[in-house]
Amino acid sequence: MTRSLTLTSSPIDEAALVRERTMSCGMGAAAYFAGVVRGTEGEAEISAINYEAFHNMVEHQFALIFDQLERRWTLESVRVVHRLGVVKVGEPSLWVEIIAPHRVEAFAACQFLIDEMKRWVPIWKNPVK
Amino acid sequence: MTRSLTLTSSPIDEAALVRERTMSCGMGAAAYFAGVVRGTEGEAEISAINYEAFHNMVEHQFALIFDQLERRWTLESVRVVHRLGVVKVGEPSLWVEIIAPHRVEAFAACQFLIDEMKRWVPIWKNPVK
Amino acid sequence: MQVNVQFWSYFKELAGCAETTANLGEGATIEALLKEIYARFPKLAPAEKSTLIAVGVDYQPRSYKLADGDEVSLFPPVQGG
Amino acid sequence: MQVNVQFWSYFKELAGCAETTANLGEGATIEALLKEIYARFPKLAPAEKSTLIAVGVDYQPRSYKLADGDEVSLFPPVQGG
C-alpha cells in the first residue's frame with residue numbers, strides 16, 4: 001500500500017490532487033473526503049481556524065493508522081493532506097483519498113482513517129473570530 | 001437539497017467538477033466516490049466497458065433515490081455523473097459528490113446512493129475485449 | 001388491448017429484437033404478458049426469476065394490471081457504476 | 001533523573017509556558033510526574049481525566065516508567081480534521 005501524508009500551511013488544491021491520481025488496472029474505486037472549515041464553532045461565529053500540530057507525533061500517529069489500514073483491507077494507496085495554521089471558513093483543512101479494488105473497502109478505510117485521526121493524531125483547533 | 005444528475009458520453013473531468021463545488025458556510029463535509037473501469041470482468045481481461053442505459057428511467061430512478069436521501073439525511077447537495085457508451089479501463093464511469101454538515105451523513109448518503117443505484121437504476125455493462 | 005414491450009441489454013439478443021407489441025385481454029396483468037412473451041421468445045424464459053419489469057419508468061410487480069398503450073420494459077439485473 | 005515536559009494547545013495557556021523540566025526519582029512513573037506537574041501548575045489539574053500523555057511520539061499510560069531525558073508531552077483531546 002502506497003502512503004502519502006502532507007502537512008502544509010498552503011491551501012489544499014483538491015483538483016490538482018485528483019489530477020495526480022494513479023490507479024493500476026485492478027482498482028475500481030476511489031473514495032475521497034474533504035473536511036471544510038465551518039462558519040461556527042460551538043455557538044460562536046468564526047472566520048477561520050488556526051490548526052496547531054505536534055508535527056513529529058502527527059507523522060508517527062498517521063503511520064500507525066496507515067499500518068492498521070494495511071492490516072484490515074487490501075488497498076492500493078492512501079493519500080492524506082492536512083492543512084496547518086490559519087484556514088478560512090469554506091476552505092478544506094483535510095483531504096483524504098483511498099484507492100481500492102472495490103467501493104466497500106474504499107469507504108470503510110476512508111471512514112476508519114478519519115475516525116482514528118480524530119482520536120489519536122495530535123492536532124488542535126484554535127477558532128479565529 | 002440541490003440535485004444534479006449528468007449522463008454523458010464524454011470523459012468525466014473530476015478535477016473540473018471539484019473546482020465547480022459550492023458549499024455554504026454551515027457545511028463541513030464533502031464525500032466523493034469515483035468508480036473506475038477495471039481491467040477484468042469476471043475472469044476475462046477487457047479493454048473497456050460499453051454502458052447502455054434506459055435513459056428516461058435512469059433519470060426517474062435517480063430522482064427517487066435523491067428523494068430518499070432527502071428524507072433520511074440533511075444534505076446540502078448531491079451531484080452524480082454517470083458515463084454512457086464506451087469507457088476505457090482506468091477511466092471513471094461514475095462520480096458522486098455529497099455535501100453535508102458532517103462526515104457521518106456525507107459517507108452514509110454516498111454509500112446509500114451507490115447501493116440503491118446498483119439495485120434500481122437501469123444501466124447495463126457490455127465488456128469490450 | 002395492445003401494449004408495447006421493450007427489451008434491454010442482452011434480452012435484445014435473446015429475443016432477437018429490441019421491441020415488440022402484444023395483444024392482451026382487458027385487465028391483463030404483467031404475469032399474463034410474460035406468458036405470452038415467453039411463448040413467442042422462449043430464450044427469455046430461463047431468466048424469468050431475475051427479470052425486472054417496468055411500466056413506463058417505474059418498476060411494477062407481476063400482479064400489475066396493464067392498460068392499453070402501456071410501455072413495458074423487460075431487462076436483466078442492472079449494473080450501473 | 002530529569003525529564004522534559006511539553007504542553008500543547010490550551011495547556012500552554014493554563015501552564016503559562018510551553019515547556020518545563022521535572023526532577024524525579026529513578027523509575028518514577030508518569031503518575032508521579034503528573035503529581036509534580038499539578039503541584040507546580042494547578043490550573044492543569046482539573047483537566048487531568050481528559051489529558052493525553054505521550055513520551056516521544058507514542059501515547060503511554062499513567063503507569064509508564066520514565067527514563068532520564070524522556071520528552072513527555074501533555075495535551076488536551078485532539079481535534080484534527
# chains A, B, ... in the order shown; residues from 1 in each chain; ligands from 1
>>> interface_residues(of="chain A", to="chain D", cutoff="12 Å", atoms="only C-alpha atoms", output="ChimeraX atom specification")
/A:7,33-38,49-64,80-84,87,91-96,113-127
>>> calpha_fit_and_write(fixed="chain C", moving="chain D", output="tab-separated table (two decimals) with C-alpha atoms, in the first residue's frame")
chain	number	residue	atom	x	y	z
D	1	MET	CA	-55.80	-4.05	-25.82
D	2	GLN	CA	-52.25	-3.67	-27.05
D	3	VAL	CA	-49.05	-2.97	-25.09
D	4	ASN	CA	-45.57	-2.20	-26.35
D	5	VAL	CA	-42.70	-4.25	-24.98
D	6	GLN	CA	-39.07	-3.17	-24.99
D	7	PHE	CA	-36.11	-5.45	-24.32
D	8	TRP	CA	-32.88	-4.12	-22.80
D	9	SER	CA	-29.28	-5.32	-22.51
D	10	TYR	CA	-28.79	-8.96	-23.53
D	11	PHE	CA	-32.53	-9.53	-23.55
D	12	LYS	CA	-32.40	-7.90	-27.01
D	13	GLU	CA	-30.04	-10.68	-28.19
D	14	LEU	CA	-32.13	-13.40	-26.53
D	15	ALA	CA	-35.35	-12.05	-28.08
D	16	GLY	CA	-33.70	-11.30	-31.42
D	17	CYS	CA	-35.29	-7.83	-31.43
D	18	ALA	CA	-35.41	-4.65	-29.33
D	19	GLU	CA	-39.18	-4.33	-29.14
D	20	THR	CA	-42.48	-5.95	-29.94
D	21	THR	CA	-46.19	-5.52	-29.27
D	22	ALA	CA	-48.57	-7.85	-27.51
D	23	ASN	CA	-52.34	-8.14	-27.71
D	24	LEU	CA	-53.93	-8.99	-24.39
D	25	GLY	CA	-57.42	-9.21	-22.89
D	26	GLU	CA	-58.69	-6.19	-20.92
D	27	GLY	CA	-57.23	-6.01	-17.41
D	28	ALA	CA	-54.45	-8.49	-18.19
D	29	THR	CA	-51.58	-8.49	-15.70
D	30	ILE	CA	-47.83	-8.43	-16.31
D	31	GLU	CA	-47.94	-12.14	-15.42
D	32	ALA	CA	-50.20	-12.76	-18.43
D	33	LEU	CA	-47.95	-10.65	-20.66
D	34	LEU	CA	-44.91	-12.68	-19.59
D	35	LYS	CA	-46.70	-15.93	-20.51
D	36	GLU	CA	-47.37	-14.54	-23.97
D	37	ILE	CA	-43.79	-13.19	-24.33
D	38	TYR	CA	-42.18	-16.48	-23.22
D	39	ALA	CA	-44.31	-18.38	-25.73
D	40	ARG	CA	-43.02	-16.18	-28.53
D	41	PHE	CA	-39.44	-15.67	-27.23
D	42	PRO	CA	-38.59	-18.91	-25.39
D	43	LYS	CA	-34.93	-17.92	-24.87
D	44	LEU	CA	-36.10	-15.28	-22.38
D	45	ALA	CA	-37.92	-17.81	-20.18
D	46	PRO	CA	-34.90	-19.19	-18.27
D	47	ALA	CA	-34.15	-15.66	-16.98
D	48	GLU	CA	-37.69	-15.21	-15.66
D	49	LYS	CA	-36.83	-15.13	-11.97
D	50	SER	CA	-34.23	-12.36	-12.30
D	51	THR	CA	-36.17	-10.37	-14.91
D	52	LEU	CA	-37.01	-6.80	-13.89
D	53	ILE	CA	-40.18	-5.22	-15.25
D	54	ALA	CA	-41.07	-1.57	-15.63
D	55	VAL	CA	-44.18	0.12	-16.97
D	56	GLY	CA	-43.10	3.51	-18.22
D	57	VAL	CA	-40.23	4.44	-15.88
D	58	ASP	CA	-41.49	2.68	-12.73
D	59	TYR	CA	-40.91	-0.86	-11.56
D	60	GLN	CA	-44.10	-2.90	-11.25
D	61	PRO	CA	-44.88	-6.31	-9.74
D	62	ARG	CA	-46.16	-9.33	-11.73
D	63	SER	CA	-49.67	-8.63	-10.45
D	64	TYR	CA	-49.80	-5.14	-12.03
D	65	LYS	CA	-52.82	-4.66	-14.33
D	66	LEU	CA	-51.79	-3.35	-17.71
D	67	ALA	CA	-53.69	-0.74	-19.72
D	68	ASP	CA	-53.94	-0.22	-23.45
D	69	GLY	CA	-50.85	1.54	-24.81
D	70	ASP	CA	-48.62	0.77	-21.81
D	71	GLU	CA	-44.88	0.80	-22.46
D	72	VAL	CA	-43.47	-2.28	-20.75
D	73	SER	CA	-39.72	-2.86	-20.37
D	74	LEU	CA	-38.12	-6.21	-19.61
D	75	PHE	CA	-34.50	-6.37	-18.57
D	76	PRO	CA	-31.90	-8.32	-16.62
D	77	PRO	CA	-30.43	-7.13	-13.27
D	78	VAL	CA	-28.99	-3.64	-13.58
D	79	GLN	CA	-25.25	-2.97	-13.39
D	80	GLY	CA	-24.66	0.76	-13.05
D	81	GLY	CA	-21.44	2.22	-11.65
>>> calpha_fit_and_write(fixed="chain A", moving="chain B", output="compact mmCIF listing (two decimals) with N, CA and C atoms, in the first residue's frame")
# COMPACT_ATOMS: atom_id res chain seq x y z
N MET B 1 0.84 -1.19 -0.02
CA MET B 1 -0.01 0.01 0.00
C MET B 1 0.87 1.26 0.01
N THR B 2 0.68 2.09 -0.98
CA THR B 2 1.42 3.35 -1.05
C THR B 2 0.82 4.34 -0.06
N ARG B 3 1.68 5.06 0.66
CA ARG B 3 1.21 6.02 1.66
C ARG B 3 1.75 7.40 1.35
N SER B 4 0.93 8.38 1.55
CA SER B 4 1.40 9.75 1.39
C SER B 4 0.71 10.63 2.41
N LEU B 5 1.52 11.34 3.19
CA LEU B 5 0.98 12.30 4.16
C LEU B 5 1.64 13.64 3.91
N THR B 6 0.83 14.67 3.76
CA THR B 6 1.35 16.02 3.58
C THR B 6 0.75 16.92 4.64
N LEU B 7 1.62 17.58 5.40
CA LEU B 7 1.18 18.61 6.34
C LEU B 7 1.64 19.94 5.75
N THR B 8 0.70 20.83 5.53
CA THR B 8 1.05 22.03 4.76
C THR B 8 0.31 23.26 5.27
N SER B 9 0.96 24.40 5.17
CA SER B 9 0.28 25.65 5.51
C SER B 9 -0.30 26.32 4.27
N SER B 10 -0.15 25.69 3.10
CA SER B 10 -0.73 26.24 1.86
C SER B 10 -2.13 25.67 1.63
N PRO B 11 -2.96 26.39 0.88
CA PRO B 11 -4.29 25.85 0.56
C PRO B 11 -4.19 24.48 -0.10
N ILE B 12 -5.17 23.62 0.18
CA ILE B 12 -5.21 22.28 -0.41
C ILE B 12 -5.85 22.39 -1.79
N ASP B 13 -5.11 22.04 -2.81
CA ASP B 13 -5.61 22.11 -4.19
C ASP B 13 -6.18 20.75 -4.58
N GLU B 14 -7.47 20.55 -4.27
CA GLU B 14 -8.09 19.23 -4.49
C GLU B 14 -8.08 18.82 -5.95
N ALA B 15 -8.33 19.79 -6.83
CA ALA B 15 -8.36 19.45 -8.26
C ALA B 15 -7.00 18.93 -8.71
N ALA B 16 -5.93 19.58 -8.25
CA ALA B 16 -4.58 19.14 -8.63
C ALA B 16 -4.31 17.75 -8.06
N LEU B 17 -4.73 17.51 -6.83
CA LEU B 17 -4.52 16.20 -6.21
C LEU B 17 -5.25 15.11 -6.99
N VAL B 18 -6.48 15.39 -7.40
CA VAL B 18 -7.25 14.41 -8.17
C VAL B 18 -6.56 14.15 -9.51
N ARG B 19 -6.04 15.22 -10.11
CA ARG B 19 -5.37 15.06 -11.41
C ARG B 19 -4.12 14.19 -11.31
N GLU B 20 -3.47 14.21 -10.14
CA GLU B 20 -2.23 13.44 -9.94
C GLU B 20 -2.49 11.97 -9.60
N ARG B 21 -3.76 11.59 -9.51
CA ARG B 21 -4.09 10.23 -9.11
C ARG B 21 -3.53 9.20 -10.07
N THR B 22 -3.01 8.10 -9.49
CA THR B 22 -2.65 6.95 -10.32
C THR B 22 -3.38 5.73 -9.76
N MET B 23 -3.90 4.91 -10.67
CA MET B 23 -4.60 3.70 -10.27
C MET B 23 -4.18 2.59 -11.21
N SER B 24 -3.80 1.43 -10.66
CA SER B 24 -3.47 0.31 -11.53
C SER B 24 -4.77 -0.33 -12.02
N CYS B 25 -4.66 -1.21 -13.03
CA CYS B 25 -5.89 -1.61 -13.73
C CYS B 25 -6.77 -2.59 -12.96
N GLY B 26 -6.31 -3.06 -11.77
CA GLY B 26 -7.19 -3.88 -10.93
C GLY B 26 -8.05 -3.06 -9.98
N MET B 27 -7.82 -1.76 -9.95
CA MET B 27 -8.49 -0.90 -8.98
C MET B 27 -9.76 -0.30 -9.58
N GLY B 28 -10.87 -0.39 -8.85
CA GLY B 28 -12.13 0.13 -9.37
C GLY B 28 -12.73 1.26 -8.56
N ALA B 29 -12.11 1.61 -7.42
CA ALA B 29 -12.77 2.55 -6.52
C ALA B 29 -11.81 3.59 -5.96
N ALA B 30 -12.24 4.83 -6.01
CA ALA B 30 -11.51 5.92 -5.34
C ALA B 30 -12.52 6.65 -4.45
N ALA B 31 -12.28 6.61 -3.14
CA ALA B 31 -13.14 7.33 -2.20
C ALA B 31 -12.38 8.54 -1.67
N TYR B 32 -13.10 9.66 -1.57
CA TYR B 32 -12.49 10.91 -1.13
C TYR B 32 -13.27 11.52 0.00
N PHE B 33 -12.55 12.25 0.84
CA PHE B 33 -13.22 13.10 1.81
C PHE B 33 -12.49 14.43 1.88
N ALA B 34 -13.28 15.50 1.84
CA ALA B 34 -12.73 16.83 2.10
C ALA B 34 -13.45 17.40 3.30
N GLY B 35 -12.70 17.74 4.33
CA GLY B 35 -13.25 18.39 5.52
C GLY B 35 -13.02 19.88 5.40
N VAL B 36 -14.10 20.64 5.49
CA VAL B 36 -14.06 22.08 5.22
C VAL B 36 -14.41 22.84 6.50
N VAL B 37 -13.73 23.96 6.74
CA VAL B 37 -13.96 24.74 7.96
C VAL B 37 -15.34 25.38 7.90
N ARG B 38 -16.16 25.10 8.92
CA ARG B 38 -17.51 25.66 9.03
C ARG B 38 -17.48 27.04 9.67
N GLY B 39 -18.54 27.80 9.44
CA GLY B 39 -18.61 29.18 9.94
C GLY B 39 -18.95 29.32 11.40
N THR B 40 -19.20 28.20 12.09
CA THR B 40 -19.48 28.27 13.53
C THR B 40 -18.67 27.20 14.24
N GLU B 41 -18.28 27.52 15.49
CA GLU B 41 -17.57 26.53 16.33
C GLU B 41 -18.32 26.55 17.65
N GLY B 42 -19.04 25.45 17.94
CA GLY B 42 -19.97 25.51 19.06
C GLY B 42 -21.06 26.51 18.71
N GLU B 43 -21.25 27.52 19.53
CA GLU B 43 -22.29 28.53 19.28
C GLU B 43 -21.75 29.73 18.50
N ALA B 44 -20.43 29.92 18.56
CA ALA B 44 -19.86 31.19 18.09
C ALA B 44 -19.58 31.20 16.59
N GLU B 45 -19.80 32.36 16.00
CA GLU B 45 -19.40 32.55 14.60
C GLU B 45 -17.90 32.77 14.52
N ILE B 46 -17.28 32.14 13.56
CA ILE B 46 -15.83 32.29 13.42
C ILE B 46 -15.50 32.64 11.97
N SER B 47 -14.28 33.10 11.75
CA SER B 47 -13.85 33.44 10.39
C SER B 47 -12.82 32.43 9.88
N ALA B 48 -12.19 31.72 10.82
CA ALA B 48 -11.14 30.77 10.44
C ALA B 48 -10.82 29.87 11.62
N ILE B 49 -10.04 28.83 11.35
CA ILE B 49 -9.48 28.02 12.43
C ILE B 49 -7.97 27.99 12.26
N ASN B 50 -7.28 28.18 13.38
CA ASN B 50 -5.82 28.07 13.37
C ASN B 50 -5.47 26.67 13.89
N TYR B 51 -4.90 25.85 13.03
CA TYR B 51 -4.57 24.47 13.40
C TYR B 51 -3.14 24.39 13.92
N GLU B 52 -3.00 23.82 15.11
CA GLU B 52 -1.69 23.60 15.72
C GLU B 52 -1.39 22.10 15.69
N ALA B 53 -0.15 21.74 15.44
CA ALA B 53 0.20 20.32 15.37
C ALA B 53 1.50 20.03 16.09
N PHE B 54 1.55 18.87 16.71
CA PHE B 54 2.80 18.30 17.25
C PHE B 54 3.34 17.44 16.10
N HIS B 55 4.12 18.10 15.27
CA HIS B 55 4.43 17.64 13.92
C HIS B 55 4.97 16.20 13.86
N ASN B 56 6.02 15.91 14.63
CA ASN B 56 6.62 14.57 14.58
C ASN B 56 5.64 13.49 15.04
N MET B 57 4.87 13.84 16.04
CA MET B 57 3.92 12.85 16.55
C MET B 57 2.76 12.67 15.57
N VAL B 58 2.36 13.74 14.88
CA VAL B 58 1.33 13.61 13.84
C VAL B 58 1.78 12.60 12.80
N GLU B 59 3.01 12.74 12.34
CA GLU B 59 3.51 11.81 11.32
C GLU B 59 3.54 10.37 11.82
N HIS B 60 4.00 10.20 13.06
CA HIS B 60 4.08 8.85 13.62
C HIS B 60 2.69 8.24 13.82
N GLN B 61 1.76 9.03 14.32
CA GLN B 61 0.42 8.50 14.57
C GLN B 61 -0.30 8.18 13.26
N PHE B 62 -0.10 9.00 12.24
CA PHE B 62 -0.67 8.65 10.94
C PHE B 62 -0.03 7.35 10.41
N ALA B 63 1.27 7.19 10.63
CA ALA B 63 1.93 5.96 10.16
C ALA B 63 1.31 4.74 10.83
N LEU B 64 0.98 4.86 12.14
CA LEU B 64 0.34 3.74 12.85
C LEU B 64 -1.06 3.46 12.27
N ILE B 65 -1.79 4.53 11.92
CA ILE B 65 -3.12 4.34 11.32
C ILE B 65 -2.98 3.69 9.94
N PHE B 66 -2.00 4.12 9.16
CA PHE B 66 -1.77 3.50 7.85
C PHE B 66 -1.45 2.01 8.01
N ASP B 67 -0.65 1.68 9.05
CA ASP B 67 -0.37 0.26 9.33
C ASP B 67 -1.66 -0.52 9.55
N GLN B 68 -2.57 0.08 10.29
CA GLN B 68 -3.85 -0.59 10.55
C GLN B 68 -4.69 -0.74 9.28
N LEU B 69 -4.68 0.28 8.44
CA LEU B 69 -5.41 0.18 7.16
C LEU B 69 -4.89 -1.03 6.39
N GLU B 70 -3.57 -1.12 6.35
CA GLU B 70 -2.92 -2.19 5.58
C GLU B 70 -3.27 -3.57 6.11
N ARG B 71 -3.39 -3.68 7.44
CA ARG B 71 -3.74 -4.97 8.02
C ARG B 71 -5.20 -5.33 7.78
N ARG B 72 -6.08 -4.33 7.73
CA ARG B 72 -7.51 -4.59 7.66
C ARG B 72 -8.05 -4.77 6.26
N TRP B 73 -7.47 -4.04 5.28
CA TRP B 73 -8.03 -4.06 3.93
C TRP B 73 -6.93 -4.16 2.89
N THR B 74 -7.30 -4.60 1.71
CA THR B 74 -6.36 -4.60 0.58
C THR B 74 -6.58 -3.30 -0.18
N LEU B 75 -5.66 -2.37 0.01
CA LEU B 75 -5.77 -1.06 -0.61
C LEU B 75 -4.56 -0.83 -1.49
N GLU B 76 -4.75 -0.06 -2.54
CA GLU B 76 -3.58 0.28 -3.37
C GLU B 76 -2.83 1.47 -2.78
N SER B 77 -3.56 2.46 -2.32
CA SER B 77 -2.88 3.66 -1.82
C SER B 77 -3.78 4.45 -0.90
N VAL B 78 -3.12 5.24 -0.05
CA VAL B 78 -3.81 6.23 0.77
C VAL B 78 -3.01 7.53 0.67
N ARG B 79 -3.75 8.61 0.45
CA ARG B 79 -3.13 9.94 0.47
C ARG B 79 -3.91 10.82 1.45
N VAL B 80 -3.17 11.48 2.33
CA VAL B 80 -3.79 12.39 3.29
C VAL B 80 -3.07 13.74 3.22
N VAL B 81 -3.85 14.80 3.18
CA VAL B 81 -3.29 16.15 3.29
C VAL B 81 -4.01 16.84 4.44
N HIS B 82 -3.26 17.33 5.43
CA HIS B 82 -3.86 18.13 6.50
C HIS B 82 -3.21 19.50 6.49
N ARG B 83 -4.07 20.51 6.45
CA ARG B 83 -3.54 21.86 6.46
C ARG B 83 -3.31 22.32 7.88
N LEU B 84 -2.25 23.09 8.11
CA LEU B 84 -1.94 23.64 9.43
C LEU B 84 -1.92 25.16 9.34
N GLY B 85 -1.94 25.80 10.51
CA GLY B 85 -2.00 27.27 10.53
C GLY B 85 -3.44 27.73 10.30
N VAL B 86 -3.58 28.95 9.81
CA VAL B 86 -4.91 29.55 9.68
C VAL B 86 -5.61 29.06 8.40
N VAL B 87 -6.79 28.47 8.57
CA VAL B 87 -7.61 28.00 7.45
C VAL B 87 -8.96 28.72 7.53
N LYS B 88 -9.27 29.47 6.48
CA LYS B 88 -10.50 30.27 6.48
C LYS B 88 -11.76 29.40 6.34
N VAL B 89 -12.86 29.94 6.84
CA VAL B 89 -14.16 29.27 6.66
C VAL B 89 -14.38 29.00 5.17
N GLY B 90 -14.83 27.80 4.86
CA GLY B 90 -15.10 27.43 3.47
C GLY B 90 -13.91 26.77 2.78
N GLU B 91 -12.75 26.79 3.42
CA GLU B 91 -11.57 26.14 2.81
C GLU B 91 -11.36 24.76 3.42
N PRO B 92 -10.85 23.81 2.64
CA PRO B 92 -10.61 22.47 3.20
C PRO B 92 -9.39 22.45 4.12
N SER B 93 -9.56 21.77 5.26
CA SER B 93 -8.44 21.57 6.20
C SER B 93 -7.91 20.15 6.09
N LEU B 94 -8.73 19.25 5.56
CA LEU B 94 -8.36 17.83 5.48
C LEU B 94 -8.80 17.28 4.15
N TRP B 95 -7.94 16.47 3.55
CA TRP B 95 -8.30 15.81 2.29
C TRP B 95 -7.76 14.38 2.37
N VAL B 96 -8.61 13.42 2.04
CA VAL B 96 -8.23 12.00 2.11
C VAL B 96 -8.62 11.32 0.81
N GLU B 97 -7.75 10.47 0.33
CA GLU B 97 -8.05 9.62 -0.84
C GLU B 97 -7.69 8.18 -0.52
N ILE B 98 -8.59 7.27 -0.82
CA ILE B 98 -8.32 5.83 -0.70
C ILE B 98 -8.58 5.19 -2.06
N ILE B 99 -7.59 4.45 -2.56
CA ILE B 99 -7.75 3.70 -3.81
C ILE B 99 -7.80 2.22 -3.46
N ALA B 100 -8.86 1.54 -3.93
CA ALA B 100 -9.06 0.13 -3.58
C ALA B 100 -9.71 -0.59 -4.76
N PRO B 101 -9.70 -1.92 -4.71
CA PRO B 101 -10.38 -2.66 -5.79
C PRO B 101 -11.87 -2.34 -5.86
N HIS B 102 -12.54 -2.26 -4.70
CA HIS B 102 -14.00 -2.07 -4.69
C HIS B 102 -14.40 -0.99 -3.70
N ARG B 103 -15.62 -0.49 -3.88
CA ARG B 103 -16.05 0.65 -3.08
C ARG B 103 -16.21 0.35 -1.60
N VAL B 104 -16.60 -0.89 -1.25
CA VAL B 104 -16.88 -1.18 0.15
C VAL B 104 -15.64 -0.93 1.01
N GLU B 105 -14.49 -1.48 0.57
CA GLU B 105 -13.29 -1.27 1.38
C GLU B 105 -12.77 0.15 1.27
N ALA B 106 -13.00 0.80 0.13
CA ALA B 106 -12.56 2.20 -0.01
C ALA B 106 -13.29 3.09 1.01
N PHE B 107 -14.61 2.93 1.09
CA PHE B 107 -15.39 3.73 2.05
C PHE B 107 -15.04 3.35 3.49
N ALA B 108 -14.94 2.07 3.76
CA ALA B 108 -14.65 1.63 5.14
C ALA B 108 -13.30 2.18 5.59
N ALA B 109 -12.30 2.08 4.74
CA ALA B 109 -10.96 2.55 5.10
C ALA B 109 -10.93 4.06 5.27
N CYS B 110 -11.64 4.76 4.42
CA CYS B 110 -11.66 6.23 4.48
C CYS B 110 -12.27 6.69 5.81
N GLN B 111 -13.38 6.08 6.19
CA GLN B 111 -14.03 6.45 7.44
C GLN B 111 -13.21 6.03 8.65
N PHE B 112 -12.61 4.85 8.59
CA PHE B 112 -11.76 4.38 9.69
C PHE B 112 -10.60 5.34 9.91
N LEU B 113 -9.96 5.72 8.82
CA LEU B 113 -8.81 6.63 8.91
C LEU B 113 -9.21 7.94 9.61
N ILE B 114 -10.34 8.51 9.21
CA ILE B 114 -10.74 9.80 9.80
C ILE B 114 -11.12 9.63 11.27
N ASP B 115 -11.85 8.54 11.58
CA ASP B 115 -12.22 8.29 12.97
C ASP B 115 -10.97 8.15 13.85
N GLU B 116 -10.00 7.38 13.39
CA GLU B 116 -8.78 7.18 14.17
C GLU B 116 -7.98 8.48 14.28
N MET B 117 -7.93 9.22 13.18
CA MET B 117 -7.24 10.52 13.21
C MET B 117 -7.81 11.41 14.30
N LYS B 118 -9.13 11.43 14.38
CA LYS B 118 -9.79 12.33 15.34
C LYS B 118 -9.58 11.86 16.78
N ARG B 119 -9.15 10.63 16.96
CA ARG B 119 -8.89 10.10 18.28
C ARG B 119 -7.42 10.29 18.69
N TRP B 120 -6.51 10.11 17.73
CA TRP B 120 -5.10 9.93 18.10
C TRP B 120 -4.11 10.94 17.53
N VAL B 121 -4.47 11.64 16.48
CA VAL B 121 -3.46 12.49 15.83
C VAL B 121 -3.44 13.87 16.50
N PRO B 122 -2.27 14.27 17.06
CA PRO B 122 -2.22 15.49 17.88
C PRO B 122 -2.23 16.77 17.05
N ILE B 123 -3.44 17.15 16.68
CA ILE B 123 -3.70 18.42 16.02
C ILE B 123 -4.82 19.07 16.81
N TRP B 124 -4.71 20.39 16.99
CA TRP B 124 -5.73 21.11 17.77
C TRP B 124 -6.21 22.33 17.01
N LYS B 125 -7.47 22.69 17.31
CA LYS B 125 -8.11 23.84 16.65
C LYS B 125 -8.11 25.06 17.55
N ASN B 126 -7.79 26.19 16.98
CA ASN B 126 -7.99 27.47 17.65
C ASN B 126 -8.91 28.32 16.79
N PRO B 127 -10.18 28.47 17.20
CA PRO B 127 -11.10 29.28 16.41
C PRO B 127 -10.61 30.72 16.33
N VAL B 128 -10.75 31.34 15.16
CA VAL B 128 -10.39 32.74 14.96
C VAL B 128 -11.68 33.51 14.73
N LYS B 129 -11.91 34.57 15.52
CA LYS B 129 -13.18 35.30 15.42
C LYS B 129 -13.27 36.17 14.18
>>> select_by_dssp(residues="chain A", states="alpha helix (DSSP H)", output="PyMOL selection string")
chain A and resi 14-19+55-72+103-120
>>> select_by_dssp(residues="chain C", states="strand (DSSP E or B)", output="list in words")
Gln2, Val3, Asn4, Val5, Gln6, Phe7, Glu19, Thr20, Thr21, Ala22, Asn23, Thr29, Leu52, Ile53, Ala54, Val55, Asp58, Tyr59, Lys65, Glu71, Val72, Ser73, Leu74 and Phe75 of chain C
